[in-house]
file query31.pdb (PDB, C-alpha atoms, pLDDT in the B column)
ATOM      1  CA  MET A   1       0.357  21.846 -12.925  1.00 81.00           C
ATOM      2  CA  VAL A   2      -2.604  19.871 -14.225  1.00 91.00           C
ATOM      3  CA  ASP A   3      -4.623  21.273 -17.120  1.00 96.00           C
ATOM      4  CA  ILE A   4      -8.089  20.023 -16.225  1.00 97.00           C
ATOM      5  CA  ASP A   5      -9.483  21.287 -19.528  1.00 97.00           C
ATOM      6  CA  ALA A   6      -7.020  19.066 -21.400  1.00 97.00           C
ATOM      7  CA  LEU A   7      -7.911  16.091 -19.178  1.00 97.00           C
ATOM      8  CA  ILE A   8     -11.624  16.628 -19.815  1.00 98.00           C
ATOM      9  CA  ASP A   9     -11.033  16.965 -23.568  1.00 97.00           C
ATOM     10  CA  ALA A  10      -9.056  13.703 -23.536  1.00 95.00           C
ATOM     11  CA  VAL A  11     -11.868  11.869 -21.728  1.00 94.00           C
ATOM     12  CA  ILE A  12     -14.478  13.224 -24.114  1.00 96.00           C
ATOM     13  CA  ASP A  13     -12.318  12.316 -27.133  1.00 93.00           C
ATOM     14  CA  ARG A  14     -11.816   8.791 -25.779  1.00 89.00           C
ATOM     15  CA  GLU A  15     -15.473   8.307 -24.850  1.00 85.00           C
ATOM     16  CA  GLY A  16     -16.783   9.631 -28.141  1.00 81.00           C
ATOM     17  CA  GLY A  17     -20.311  10.681 -28.934  1.00 88.00           C
ATOM     18  CA  TYR A  18     -23.543   8.797 -28.349  1.00 93.00           C
ATOM     19  CA  SER A  19     -23.485   5.145 -27.326  1.00 87.00           C
ATOM     20  CA  ALA A  20     -26.151   2.636 -26.348  1.00 84.00           C
ATOM     21  CA  HIS A  21     -24.121  -0.587 -26.123  1.00 82.00           C
ATOM     22  CA  PRO A  22     -26.376  -3.429 -24.959  1.00 81.00           C
ATOM     23  CA  ALA A  23     -23.737  -4.791 -22.560  1.00 78.00           C
ATOM     24  CA  ASP A  24     -23.068  -1.423 -20.925  1.00 80.00           C
ATOM     25  CA  ARG A  25     -24.792  -1.215 -17.547  1.00 79.00           C
ATOM     26  CA  GLY A  26     -24.505   2.565 -17.792  1.00 77.00           C
ATOM     27  CA  GLY A  27     -27.031   2.485 -20.605  1.00 85.00           C
ATOM     28  CA  ARG A  28     -27.186   5.381 -23.013  1.00 92.00           C
ATOM     29  CA  THR A  29     -24.240   7.749 -22.860  1.00 91.00           C
ATOM     30  CA  ARG A  30     -22.964  10.770 -24.698  1.00 95.00           C
ATOM     31  CA  TRP A  31     -19.460  12.144 -24.244  1.00 95.00           C
ATOM     32  CA  GLY A  32     -19.048   9.384 -21.632  1.00 92.00           C
ATOM     33  CA  VAL A  33     -21.785  10.798 -19.380  1.00 95.00           C
ATOM     34  CA  THR A  34     -24.496   8.276 -18.559  1.00 93.00           C
ATOM     35  CA  ASP A  35     -28.172   9.014 -18.867  1.00 93.00           C
ATOM     36  CA  ALA A  36     -28.549   8.724 -15.077  1.00 93.00           C
ATOM     37  CA  VAL A  37     -25.774  11.242 -14.371  1.00 94.00           C
ATOM     38  CA  ALA A  38     -27.114  13.681 -16.970  1.00 96.00           C
ATOM     39  CA  ARG A  39     -30.621  13.442 -15.468  1.00 96.00           C
ATOM     40  CA  ALA A  40     -29.262  13.885 -11.936  1.00 95.00           C
ATOM     41  CA  HIS A  41     -27.744  17.168 -13.130  1.00 95.00           C
ATOM     42  CA  GLY A  42     -30.878  18.572 -14.686  1.00 95.00           C
ATOM     43  CA  TYR A  43     -30.758  17.336 -18.278  1.00 96.00           C
ATOM     44  CA  ASP A  44     -34.122  16.062 -19.502  1.00 95.00           C
ATOM     45  CA  GLY A  45     -33.616  15.734 -23.250  1.00 95.00           C
ATOM     46  CA  ASP A  46     -32.618  12.920 -25.576  1.00 95.00           C
ATOM     47  CA  MET A  47     -29.095  11.684 -24.770  1.00 96.00           C
ATOM     48  CA  ARG A  48     -28.220  11.831 -28.475  1.00 96.00           C
ATOM     49  CA  ALA A  49     -28.461  15.635 -28.122  1.00 96.00           C
ATOM     50  CA  PHE A  50     -26.732  15.972 -24.720  1.00 97.00           C
ATOM     51  CA  PRO A  51     -24.506  19.056 -25.109  1.00 97.00           C
ATOM     52  CA  ARG A  52     -20.747  18.786 -24.855  1.00 97.00           C
ATOM     53  CA  ASP A  53     -20.538  21.843 -22.606  1.00 96.00           C
ATOM     54  CA  ALA A  54     -22.880  20.134 -20.123  1.00 97.00           C
ATOM     55  CA  ALA A  55     -20.560  17.114 -20.111  1.00 97.00           C
ATOM     56  CA  VAL A  56     -17.558  19.386 -19.508  1.00 98.00           C
ATOM     57  CA  ALA A  57     -19.315  21.028 -16.546  1.00 97.00           C
ATOM     58  CA  ILE A  58     -20.206  17.627 -15.042  1.00 97.00           C
ATOM     59  CA  TYR A  59     -16.661  16.319 -15.438  1.00 98.00           C
ATOM     60  CA  ARG A  60     -15.185  19.422 -13.807  1.00 98.00           C
ATOM     61  CA  ARG A  61     -17.637  19.577 -10.915  1.00 97.00           C
ATOM     62  CA  ILE A  62     -18.338  15.905 -10.150  1.00 96.00           C
ATOM     63  CA  TYR A  63     -15.087  14.202 -11.126  1.00 97.00           C
ATOM     64  CA  TRP A  64     -12.466  16.893 -10.367  1.00 98.00           C
ATOM     65  CA  LEU A  65     -13.613  19.442  -7.789  1.00 98.00           C
ATOM     66  CA  ARG A  66     -16.060  17.430  -5.663  1.00 98.00           C
ATOM     67  CA  PRO A  67     -13.659  14.554  -4.939  1.00 98.00           C
ATOM     68  CA  GLY A  68     -10.806  17.002  -4.251  1.00 98.00           C
ATOM     69  CA  TYR A  69      -8.485  15.988  -7.061  1.00 98.00           C
ATOM     70  CA  ASP A  70      -7.673  19.657  -7.583  1.00 98.00           C
ATOM     71  CA  ARG A  71      -6.067  19.545  -4.109  1.00 98.00           C
ATOM     72  CA  VAL A  72      -4.149  16.382  -4.969  1.00 98.00           C
ATOM     73  CA  ALA A  73      -2.879  18.122  -8.130  1.00 98.00           C
ATOM     74  CA  THR A  74      -0.986  20.690  -6.058  1.00 96.00           C
ATOM     75  CA  LEU A  75       1.044  17.849  -4.500  1.00 97.00           C
ATOM     76  CA  MET A  76       1.199  15.161  -7.202  1.00 97.00           C
ATOM     77  CA  PRO A  77      -0.140  16.209 -10.611  1.00 97.00           C
ATOM     78  CA  ALA A  78       0.237  12.812 -12.294  1.00 97.00           C
ATOM     79  CA  ILE A  79      -1.670  11.145  -9.476  1.00 98.00           C
ATOM     80  CA  ALA A  80      -4.481  13.707  -9.727  1.00 98.00           C
ATOM     81  CA  ALA A  81      -4.749  13.144 -13.482  1.00 97.00           C
ATOM     82  CA  GLU A  82      -4.949   9.379 -12.966  1.00 97.00           C
ATOM     83  CA  LEU A  83      -7.548   9.728 -10.207  1.00 98.00           C
ATOM     84  CA  PHE A  84      -9.679  11.913 -12.461  1.00 97.00           C
ATOM     85  CA  ASP A  85      -9.602   9.438 -15.338  1.00 94.00           C
ATOM     86  CA  THR A  86     -10.186   6.431 -13.093  1.00 95.00           C
ATOM     87  CA  GLY A  87     -12.941   8.286 -11.243  1.00 96.00           C
ATOM     88  CA  VAL A  88     -14.745   9.011 -14.504  1.00 93.00           C
ATOM     89  CA  ASN A  89     -14.718   5.314 -15.375  1.00 89.00           C
ATOM     90  CA  MET A  90     -15.158   3.680 -11.963  1.00 91.00           C
ATOM     91  CA  GLY A  91     -16.394   6.454  -9.709  1.00 94.00           C
ATOM     92  CA  PRO A  92     -14.327   8.845  -7.585  1.00 97.00           C
ATOM     93  CA  ALA A  93     -14.725   6.787  -4.396  1.00 98.00           C
ATOM     94  CA  VAL A  94     -13.178   3.754  -6.106  1.00 97.00           C
ATOM     95  CA  ALA A  95     -10.319   5.813  -7.563  1.00 98.00           C
ATOM     96  CA  THR A  96      -9.624   7.445  -4.206  1.00 98.00           C
ATOM     97  CA  GLY A  97      -9.780   4.035  -2.528  1.00 98.00           C
ATOM     98  CA  PHE A  98      -7.011   2.825  -4.850  1.00 98.00           C
ATOM     99  CA  LEU A  99      -4.891   5.820  -3.802  1.00 98.00           C
ATOM    100  CA  GLN A 100      -5.534   5.210  -0.111  1.00 98.00           C
ATOM    101  CA  ARG A 101      -4.752   1.487  -0.356  1.00 98.00           C
ATOM    102  CA  ALA A 102      -1.517   2.192  -2.208  1.00 98.00           C
ATOM    103  CA  LEU A 103      -0.436   4.900   0.241  1.00 98.00           C
ATOM    104  CA  ASN A 104      -1.154   2.624   3.211  1.00 98.00           C
ATOM    105  CA  ALA A 105       0.862  -0.186   1.647  1.00 98.00           C
ATOM    106  CA  LEU A 106       3.777   2.152   0.843  1.00 98.00           C
ATOM    107  CA  ASN A 107       4.126   3.778   4.283  1.00 98.00           C
ATOM    108  CA  ARG A 108       6.671   1.208   5.546  1.00 97.00           C
ATOM    109  CA  GLY A 109       4.482  -0.107   8.346  1.00 97.00           C
ATOM    110  CA  SER A 110       3.321   3.393   9.328  1.00 97.00           C
ATOM    111  CA  ALA A 111       6.919   4.543   9.790  1.00 97.00           C
ATOM    112  CA  ASP A 112       6.504   7.388   7.260  1.00 96.00           C
ATOM    113  CA  TYR A 113       2.903   8.386   8.057  1.00 97.00           C
ATOM    114  CA  PRO A 114      -0.038   6.670   9.707  1.00 97.00           C
ATOM    115  CA  ASP A 115      -2.414   4.363   7.876  1.00 97.00           C
ATOM    116  CA  MET A 116      -5.651   6.053   6.932  1.00 97.00           C
ATOM    117  CA  ALA A 117      -9.210   4.787   6.749  1.00 97.00           C
ATOM    118  CA  LEU A 118     -10.155   3.505   3.318  1.00 97.00           C
ATOM    119  CA  ASP A 119     -13.141   5.806   3.056  1.00 98.00           C
ATOM    120  CA  GLY A 120     -12.830   6.783  -0.606  1.00 97.00           C
ATOM    121  CA  ARG A 121     -12.591  10.496   0.219  1.00 97.00           C
ATOM    122  CA  ILE A 122      -9.778  13.013  -0.131  1.00 98.00           C
ATOM    123  CA  GLY A 123      -9.551  14.539   3.319  1.00 97.00           C
ATOM    124  CA  PRO A 124      -6.838  15.785   5.669  1.00 98.00           C
ATOM    125  CA  ALA A 125      -5.397  12.307   6.361  1.00 98.00           C
ATOM    126  CA  THR A 126      -5.121  11.447   2.668  1.00 98.00           C
ATOM    127  CA  LEU A 127      -3.560  14.815   1.799  1.00 98.00           C
ATOM    128  CA  ALA A 128      -1.102  14.497   4.694  1.00 98.00           C
ATOM    129  CA  ALA A 129      -0.123  11.011   3.538  1.00 98.00           C
ATOM    130  CA  ILE A 130       0.434  12.260  -0.029  1.00 98.00           C
ATOM    131  CA  ALA A 131       2.585  15.123   1.262  1.00 98.00           C
ATOM    132  CA  ALA A 132       4.617  12.825   3.520  1.00 98.00           C
ATOM    133  CA  PHE A 133       5.081  10.267   0.756  1.00 98.00           C
ATOM    134  CA  ARG A 134       6.159  12.992  -1.662  1.00 97.00           C
ATOM    135  CA  ALA A 135       8.602  14.455   0.871  1.00 97.00           C
ATOM    136  CA  ARG A 136      10.207  11.042   1.385  1.00 97.00           C
ATOM    137  CA  ARG A 137      10.122   9.679  -2.176  1.00 96.00           C
ATOM    138  CA  GLY A 138       9.996  12.702  -4.514  1.00 93.00           C
ATOM    139  CA  ALA A 139       9.244  12.404  -8.223  1.00 92.00           C
ATOM    140  CA  ALA A 140      10.361   8.781  -8.357  1.00 95.00           C
ATOM    141  CA  GLY A 141       7.844   8.032  -5.623  1.00 96.00           C
ATOM    142  CA  GLU A 142       5.038   9.612  -7.627  1.00 96.00           C
ATOM    143  CA  ALA A 143       5.848   7.243 -10.507  1.00 96.00           C
ATOM    144  CA  VAL A 144       5.772   4.235  -8.176  1.00 97.00           C
ATOM    145  CA  LEU A 145       2.518   5.369  -6.580  1.00 98.00           C
ATOM    146  CA  LEU A 146       1.030   5.796 -10.049  1.00 97.00           C
ATOM    147  CA  ARG A 147       2.033   2.203 -10.946  1.00 97.00           C
ATOM    148  CA  ALA A 148       0.412   0.913  -7.767  1.00 98.00           C
ATOM    149  CA  ILE A 149      -2.857   2.724  -8.544  1.00 98.00           C
ATOM    150  CA  GLU A 150      -2.810   1.449 -12.130  1.00 96.00           C
ATOM    151  CA  ALA A 151      -2.166  -2.109 -10.906  1.00 96.00           C
ATOM    152  CA  LEU A 152      -5.227  -1.915  -8.666  1.00 97.00           C
ATOM    153  CA  GLN A 153      -7.242  -0.473 -11.534  1.00 95.00           C
ATOM    154  CA  GLY A 154      -6.163  -3.230 -13.911  1.00 94.00           C
ATOM    155  CA  GLU A 155      -7.006  -5.909 -11.371  1.00 95.00           C
ATOM    156  CA  ARG A 156     -10.477  -4.437 -10.936  1.00 94.00           C
ATOM    157  CA  TYR A 157     -11.116  -4.470 -14.684  1.00 92.00           C
ATOM    158  CA  LEU A 158     -10.133  -8.136 -14.847  1.00 92.00           C
ATOM    159  CA  ALA A 159     -12.371  -8.940 -11.875  1.00 94.00           C
ATOM    160  CA  LEU A 160     -15.296  -7.108 -13.518  1.00 91.00           C
ATOM    161  CA  ALA A 161     -14.857  -9.147 -16.700  1.00 92.00           C
ATOM    162  CA  GLU A 162     -14.564 -12.393 -14.755  1.00 94.00           C
ATOM    163  CA  ALA A 163     -17.642 -11.653 -12.651  1.00 93.00           C
ATOM    164  CA  ARG A 164     -19.806 -10.592 -15.603  1.00 89.00           C
ATOM    165  CA  PRO A 165     -18.930 -12.089 -18.993  1.00 90.00           C
ATOM    166  CA  ALA A 166     -20.739  -9.236 -20.806  1.00 87.00           C
ATOM    167  CA  ASN A 167     -17.967  -6.934 -19.517  1.00 84.00           C
ATOM    168  CA  GLU A 168     -15.458  -8.829 -21.650  1.00 90.00           C
ATOM    169  CA  ALA A 169     -16.736  -6.645 -24.502  1.00 87.00           C
ATOM    170  CA  PHE A 170     -15.062  -3.703 -22.770  1.00 84.00           C
ATOM    171  CA  LEU A 171     -11.980  -5.274 -21.162  1.00 87.00           C
ATOM    172  CA  TYR A 172      -9.542  -4.754 -24.027  1.00 91.00           C
ATOM    173  CA  GLY A 173     -10.482  -1.071 -24.330  1.00 85.00           C
ATOM    174  CA  TRP A 174     -10.335  -0.545 -20.580  1.00 84.00           C
ATOM    175  CA  LEU A 175      -6.838  -1.998 -20.404  1.00 89.00           C
ATOM    176  CA  ALA A 176      -5.632  -0.271 -23.573  1.00 86.00           C
ATOM    177  CA  ASN A 177      -7.111   3.157 -22.856  1.00 81.00           C
ATOM    178  CA  ARG A 178      -7.404   3.457 -19.098  1.00 81.00           C
ATOM    179  CA  VAL A 179      -4.434   1.673 -17.515  1.00 83.00           C
ATOM    180  CA  GLY A 180      -0.949   3.064 -18.040  1.00 76.00           C
TER     181      GLY A 180
END
call {"tool": "encode", "arguments": {"input": "query31.pdb", "output": "structure tokens"}}
result
Amino acid sequence: MVDIDALIDAVIDREGGYSAHPADRGGRTRWGVTDAVARAHGYDGDMRAFPRDAAVAIYRRIYWLRPGYDRVATLMPAIAAELFDTGVNMGPAVATGFLQRALNALNRGSADYPDMALDGRIGPATLAAIAAFRARRGAAGEAVLLRAIEALQGERYLALAEARPANEAFLYGWLANRVG
């Protein structure tokens, strides 16, 4: 079972307190929550004072429950934990897209389950594919699926740094702290 509180604590520990890095397109952040996300969820104060409990609530609601990673956790806990962390950093639709791409590529030409639309949402088709993959491949399959998701994540970080040199300031940390 996934301990979402522990996952949220790990993200907050990794993200740290207040940051206003000039190369960060997210702008001012605290606890890893951007100014824009905090404002969208009702916070109107100085980001240096953004409360930790508000960050915890946002992480739980927006990056765990809303994308449906709690449902993934009942089938493949390690995958759900990875989706949560990747979703925090890249957005849940991107994280879910990695999962869907990997599942489609691992279905042996649709012999194990049908390809699904790459819509970036956890819905019935994605959950059915996870269940079918798990039934066929078991725990070893979850480890392989996790590697595939992390490979896609790593490739995206490299592409972001190549496309925008300012992102090179973050690449080492992304690869060290987010992939694997």
call {"tool": "resolve_selection", "arguments": {"input": "query31.pdb", "expression": "the PyMOL selection byres ((chain A and resi 110-126) around 10)", "output": "PyMOL selection string"}}
result
chain A and resi 66-69+71-72+91-101+103-109+127-133+135-136
call {"tool": "resolve_selection", "arguments": {"input": "query31.pdb", "expression": "the PyMOL selection byres ((chain A and resi 38) around 12)", "output": "VMD selection string"}}
result
chain A and resid 26 to 37 39 to 59 62
call {"tool": "atom_distance", "arguments": {"input": "query31.pdb", "atom1": "CA of Ala151 (chain A)", "atom2": "CA of Met90 (chain A)"}}
result
14.3 Å
call {"tool": "residues_around", "arguments": {"input": "query31.pdb", "residues": "Glu82 (chain A)", "least_positions_apart": "6", "cutoff": "10 Å", "atoms": "only C-alpha atoms", "output": "list in words"}}
result
Leu7, Tyr69, Val88, Ala95, Leu99, Leu146, Ile149, Glu150, Arg178, Val179 and Gly180 of chain A
call {"tool": "atom_distance", "arguments": {"input": "query31.pdb", "atom1": "CA of Ala163 (chain A)", "atom2": "CA of Ala176 (chain A)"}}
result
19.8 Å
call {"tool": "atom_distance", "arguments": {"input": "query31.pdb", "atom1": "CA of Ile4 (chain A)", "atom2": "CA of Thr86 (chain A)"}}
result
14.1 Å
call {"tool": "resolve_selection", "arguments": {"input": "query31.pdb", "expression": "the PyMOL selection byres ((chain A and resi 1) around 7)", "output": "VMD selection string"}}
result
chain A and resid 2 to 3 73 77
call {"tool": "write_last_selection", "arguments": {"input": "query31.pdb", "atoms": "C-alpha atoms", "output": "PDB file, in the coordinates of the input"}}
result
ATOM      1  CA  VAL A   2      -2.604  19.871 -14.225  1.00 91.00           C
ATOM      2  CA  ASP A   3      -4.623  21.273 -17.120  1.00 96.00           C
ATOM      3  CA  ALA A  73      -2.879  18.122  -8.130  1.00 98.00           C
ATOM      4  CA  PRO A  77      -0.140  16.209 -10.611  1.00 97.00           C
TER       5      PRO A  77
END
call {"tool": "closest_residue", "arguments": {"input": "query31.pdb", "among": "A:Ala6, A:Ala166, A:Met76, A:Ala161", "to": "Arg137 (chain A)", "atoms": "only C-alpha atoms"}}
result
A:Met76
call {"tool": "build_atoms", "arguments": {"input": "query31.pdb", "residues": "region 164-176 of chain A", "atoms": "N, CA, C and O atoms", "output": "PDB file, keeping the file's coordinate frame"}}
result
ATOM      1  N   ARG A 164     -18.692 -10.817 -14.673  1.00 89.00           N
ATOM      2  CA  ARG A 164     -19.806 -10.592 -15.603  1.00 89.00           C
ATOM      3  C   ARG A 164     -19.281 -10.713 -17.026  1.00 89.00           C
ATOM      4  O   ARG A 164     -18.668  -9.783 -17.560  1.00 89.00           O
ATOM      5  N   PRO A 165     -19.483 -11.867 -17.651  1.00 90.00           N
ATOM      6  CA  PRO A 165     -18.930 -12.089 -18.993  1.00 90.00           C
ATOM      7  C   PRO A 165     -19.273 -10.996 -20.007  1.00 90.00           C
ATOM      8  O   PRO A 165     -18.478 -10.741 -20.909  1.00 90.00           O
ATOM      9  N   ALA A 166     -20.402 -10.319 -19.869  1.00 87.00           N
ATOM     10  CA  ALA A 166     -20.739  -9.236 -20.806  1.00 87.00           C
ATOM     11  C   ALA A 166     -19.695  -8.121 -20.758  1.00 87.00           C
ATOM     12  O   ALA A 166     -19.498  -7.409 -21.747  1.00 87.00           O
ATOM     13  N   ASN A 167     -19.005  -7.972 -19.628  1.00 84.00           N
ATOM     14  CA  ASN A 167     -17.967  -6.934 -19.517  1.00 84.00           C
ATOM     15  C   ASN A 167     -16.726  -7.256 -20.336  1.00 84.00           C
ATOM     16  O   ASN A 167     -15.890  -6.376 -20.553  1.00 84.00           O
ATOM     17  N   GLU A 168     -16.600  -8.495 -20.790  1.00 90.00           N
ATOM     18  CA  GLU A 168     -15.458  -8.829 -21.650  1.00 90.00           C
ATOM     19  C   GLU A 168     -15.466  -7.990 -22.921  1.00 90.00           C
ATOM     20  O   GLU A 168     -14.417  -7.750 -23.512  1.00 90.00           O
ATOM     21  N   ALA A 169     -16.639  -7.512 -23.325  1.00 87.00           N
ATOM     22  CA  ALA A 169     -16.736  -6.645 -24.502  1.00 87.00           C
ATOM     23  C   ALA A 169     -15.943  -5.352 -24.315  1.00 87.00           C
ATOM     24  O   ALA A 169     -15.532  -4.729 -25.293  1.00 87.00           O
ATOM     25  N   PHE A 170     -15.727  -4.976 -23.070  1.00 84.00           N
ATOM     26  CA  PHE A 170     -15.062  -3.703 -22.770  1.00 84.00           C
ATOM     27  C   PHE A 170     -13.634  -3.865 -22.248  1.00 84.00           C
ATOM     28  O   PHE A 170     -12.897  -2.892 -22.180  1.00 84.00           O
ATOM     29  N   LEU A 171     -13.252  -5.071 -21.857  1.00 87.00           N
ATOM     30  CA  LEU A 171     -11.980  -5.274 -21.162  1.00 87.00           C
ATOM     31  C   LEU A 171     -10.776  -4.793 -21.964  1.00 87.00           C
ATOM     32  O   LEU A 171      -9.920  -4.089 -21.434  1.00 87.00           O
ATOM     33  N   TYR A 172     -10.698  -5.162 -23.221  1.00 91.00           N
ATOM     34  CA  TYR A 172      -9.542  -4.754 -24.027  1.00 91.00           C
ATOM     35  C   TYR A 172      -9.420  -3.226 -24.048  1.00 91.00           C
ATOM     36  O   TYR A 172      -8.339  -2.676 -23.817  1.00 91.00           O
ATOM     37  N   GLY A 173     -10.509  -2.539 -24.298  1.00 85.00           N
ATOM     38  CA  GLY A 173     -10.482  -1.071 -24.330  1.00 85.00           C
ATOM     39  C   GLY A 173     -10.131  -0.465 -22.989  1.00 85.00           C
ATOM     40  O   GLY A 173      -9.386   0.512 -22.918  1.00 85.00           O
ATOM     41  N   TRP A 174     -10.673  -1.046 -21.913  1.00 84.00           N
ATOM     42  CA  TRP A 174     -10.335  -0.545 -20.580  1.00 84.00           C
ATOM     43  C   TRP A 174      -8.827  -0.639 -20.344  1.00 84.00           C
ATOM     44  O   TRP A 174      -8.200   0.311 -19.886  1.00 84.00           O
ATOM     45  N   LEU A 175      -8.272  -1.809 -20.651  1.00 89.00           N
ATOM     46  CA  LEU A 175      -6.838  -1.998 -20.404  1.00 89.00           C
ATOM     47  C   LEU A 175      -5.983  -1.156 -21.341  1.00 89.00           C
ATOM     48  O   LEU A 175      -4.961  -0.606 -20.936  1.00 89.00           O
ATOM     49  N   ALA A 176      -6.404  -1.027 -22.597  1.00 86.00           N
ATOM     50  CA  ALA A 176      -5.632  -0.271 -23.573  1.00 86.00           C
ATOM     51  C   ALA A 176      -5.710   1.240 -23.340  1.00 86.00           C
ATOM     52  O   ALA A 176      -4.722   1.943 -23.547  1.00 86.00           O
TER      53      ALA A 176
END
